[in-house]
Amino acid sequence: MRVLAILNIKGGVGKTASAVNLGFLAARSGWRTLIWDLDPQGAASFYLRVKPKVRGGGKKLVRGELDLDGLIKGSDYEGLDLLPADFSYRRMDIALDGTKKPKRQIGRLIEPLSVDYDLALLDCPPGMTLVLESVLEAAEGILVPTIPTTLSLRTLDQLARHLRKKGPRKLAVLPFFSMVDRRRTMHREVVDGEREGPFRFLETSIPYSSTVEQMGVHRMPLEAYAPWSRAAKAYRALWAEVDQRVLDLAGGLI
Amino acid sequence: MAEREREIKLEVRAPDALEELARRPAIAGFALSPVETRDQEDLYLDTEDLLLFAAGVALRYRRRSGILKATLKEISEREGRGMLQDRREIEEVLGEGGVPKGVVGDTVASLVGDAKLLPILRLRTRRRVRQVVASHCTVAELCLDEVEVFPAGKEAQPSDAEPLGRFCEVEVEEVADGSDVLTAVGEELLASPHFGPSLLSKLERGLDLLGIRGPFVGRGPGELSTDPASFRLPGGLTAEELERRLSSRFQAVSSPETVEAKTFHDSFDWRVHRSGGSYETAGFGPRRVHLWRDAEGRVRHRLCHPGDPGFPADLPPGPLRSQLAAVLSMRRLLPLVDSSVRVRTIAVLDDEEKTTVRVRIESGTSALCEGGELHELEPRVTIAPLRGYDRERRRVVGFLREKCGLLPAATGELAHALEPHGRAPGDYTSKFELLLDPAMPARDAARAIHLSLLTTMLRNQEGTRRDLDSEFLHDFRVALRRTRSALTQIREVYPEVDVEQFKQEFRWLFLETGPKRDLDVYLLKMEVYLAELPEEIRADLDPLQEFLERRKKLAHDRLVSALDSERYRRLVEEWRSFLTGAPAGSLLAPNAERPVREVASERIWRVYRRMRRRGWAIQEDSPAAALHDVRIRGKKLRYLLEFFRSLYPEEAVGRLVSELKRLQDNLGDFNDYRVQRRSLQRFSAEMAEEGSASVRTHLAMGRLLAHLEAGQAAERKRFAKRFDRFASQENRKIFARLFSQGEGS
């Protein structure tokens, strides 16, 4: 099982929309896919119409009193399952902190699922938290949706510094531009201009679009209600790139 | 009458805890009455393929105070991980004959049709009951159960036999409705580490001990049973009508029809299927997906690979390849059947318009990959697995069965695709299996044996010709050798002149196919031998390997021209018409009309005694040829035992065959080393003549030769012990009892 996390220290960058749309596309291309909604606000769960409730909460989960297996819900789409969010995840940091090796916990929890899934997508809450650190330990690759502003690029540097501090570990960092509004000069300049930075961006950018915002109304992935839209097209291109990179990670194997 | 039973069930982790419960005066603030002990014996019944169990119910016969009752119980509902179980059960008192004819009988019939019910499990329970009392009223019963599990049915044993296993559990059954006694008692017990929630019914626990895992056993609570439940549509019910009925009861939407095309693969002798797996491919090019599923249909390995699966080495390294290698060894995976299924999916939704159950109405076609016609598949309805919505799934399944009359389909996807072609998974085995009647004339038995062997030969003919893998020729030749052996060992059942003619022709065929088999064996063994040699000289043996491959090609050409020859065609034709035509009378064949068992016993007894005599005569310094002679006699004996196995008690013959096999393995290995050595010397000479081997290669072959010699010597040493064991008095007694027919034991 490949483990990819979708994260950004900054919030409101189109993380959850990316998780749901990429998860859908992954499942459609034959990957048995699990989205783990780690965000206490449960937007991914909401998009997929699953009631966000983990019985016993994140605390029990971390303490090992629950296992993930029994909490998973099938989505409306074949091959795509969801591990719903729970409001109690907001205390997840505290729960993790109470365990012996907090940074190993997420990896320990998803390991048993590796026979059932080819791909796990972790939709992470924003912020530099213990949850995030634990996710960084578990993931083989991270997707970082980034709004093309100088401020956003700085958070990427922050992430890079953090990863360097942790020492060398094989982790594919795949940032891509998200919510790109080409009417705005700064967006255009950042996307088109020469970039210096710690990571190479994926080729595809996701445009800013009200169609994406409507995911909350339709409660479906873009493909299910607006497959012809520009944004849907962009997500398909993004998935094709990610798919290729994921295949690379696996050495051509799943 | 339908009743619901409300109870909680706990597993007992320490036996002392049970004793403590039997003694304590009160529980959770309720008084406990003195212990009353009941012994009860339950028999569980099901069809051979456990249709009832698969449908989520258990059928139990229980005799208490002389009355035999049949109860049909729902197996525990797993939704919600509580211990509180609220299950439906119906029961009926059984009359003479012990067949349920009332409501239980009707329900069972609706689930299994006219499939036969067999006893599958016997449970003996010592139940100690204590009444849970609140203000002088019994509100619940506390039952302390010690359960012993015995197999029933085929494996049944006398009632005093050792049980398969034991377990203890505590049940608290509600007597007065609406009280919260269950919760209170449950909470108090669970506070102790000696008790835990029990999620399996007694039947499931028992079957688990028998190694049978049903749809619910072995899964955690709340988790979905992922086996896609499949159903047959009753005649006259169309897909449209089914859709209409579903929509009338549930909020349901249907999506446009899709087509799923896939190919199933297995080795010729079903090694994947026999290991409990299935292998399928779908899609094209780089997106071609290979899936390995377990017996429950769950995907266990998945791989994107454009090529066909054949030998494991054709796939990139990884878990799928390792799994395949472990199962196949030298066999090749072959495409078996293509299926193309049109699926109309009806999604049942919840109040958030979220899919909770996916009902697939499937129809389509399948075709065998080796050619043949396209056949329609029997339409069926499948509930696709959707995690986390087990309760909803059960509701829909219940509706489909009770209101739409759907019957469970007993077959999996592969079997379903094969069915219209008259094939079934596992329908070929290289093992000789034939059921004979002891009283049938020996000639008819011999004909049946020979016909069955001819079928095996012909089934392997194409794979042999195309050299798909080494085992086609192997099975072809084993059938051929058995054919020859039966011709000479089952004496005087055919006219002598026919026997002579066919013997000659089969000998010819055996010789024509021999060199290819020898080289196959050599190449297969080379891998083993090489692994035993020091690494630095392995590469030096590459020229030998290449030499062998070249030889193998030549030998294969020879074999193919034999199979394509007029002589072979005529042999098969004449042999078939000989076996099916008018038989010769006993004048020409004195044993033809005698009962087969008599003739078989006579022969087996004689061959056995001779082999035993020859074996005893082997000394430390006996020549290899003497061992070879024992081996050949052993082989004859083994074939005879296998041909006539069904005429004798299975257990005894089974024991003799496996004892003989141990000895034969030793003699076979000894002989292999001997033959390999001789061949290696010959190859070495031939390679020298060709000039295709360097000095290093010759030196390496020398090392290999020494290695073979050592192996041979080691097998030689083992012989005495193995033979002593086979020829023991104990085994002799069995041989005498089965075969001597009162003559000189």
# chains A, B, ... in the order shown; residues from 1 in each chain; ligands from 1
>>> residues_around(residues="Met1 of chain A", least_positions_apart="2", cutoff="10 Å", atoms="only C-alpha atoms", output="ChimeraX atom specification")
/A:3-4,31-33,110-111,113-120,140,250,254
>>> interface_residues(of="chain B", to="chain A", cutoff="9 Å", atoms="only C-alpha atoms", output="VMD selection string")
chain B and resid 220 to 224 287 289 298 to 305 316 to 318 347 352 to 356 358 385 to 389
>>> residues_around(residues="Leu51 of chain B", least_positions_apart="5", cutoff="10 Å", atoms="only C-alpha atoms", output="list in words")
Asp46, Gly56, Val57, Ala58, Val108, Leu111, Val112, Gly113, Ala115, Leu117, Gly214, Pro408, Ala409 and Ala410 of chain B
>>> select_by_dssp(residues="segment 255-435 of chain B", states="strand (DSSP E)", output="number ranges by chain")
B: 258-266, 278-282, 289-293, 299-304, 334-349, 355-368, 375-376, 380-384, 407-408
>>> atom_distance(atom1="atom CA of Asp157 of chain A", atom2="atom CA of Leu143 of chain A")
14.6 Å
>>> closest_residue(among="B:Val341, B:Val397, B:Leu407, B:Leu519", to="Ala109 of chain B", atoms="only C-alpha atoms")
B:Leu407
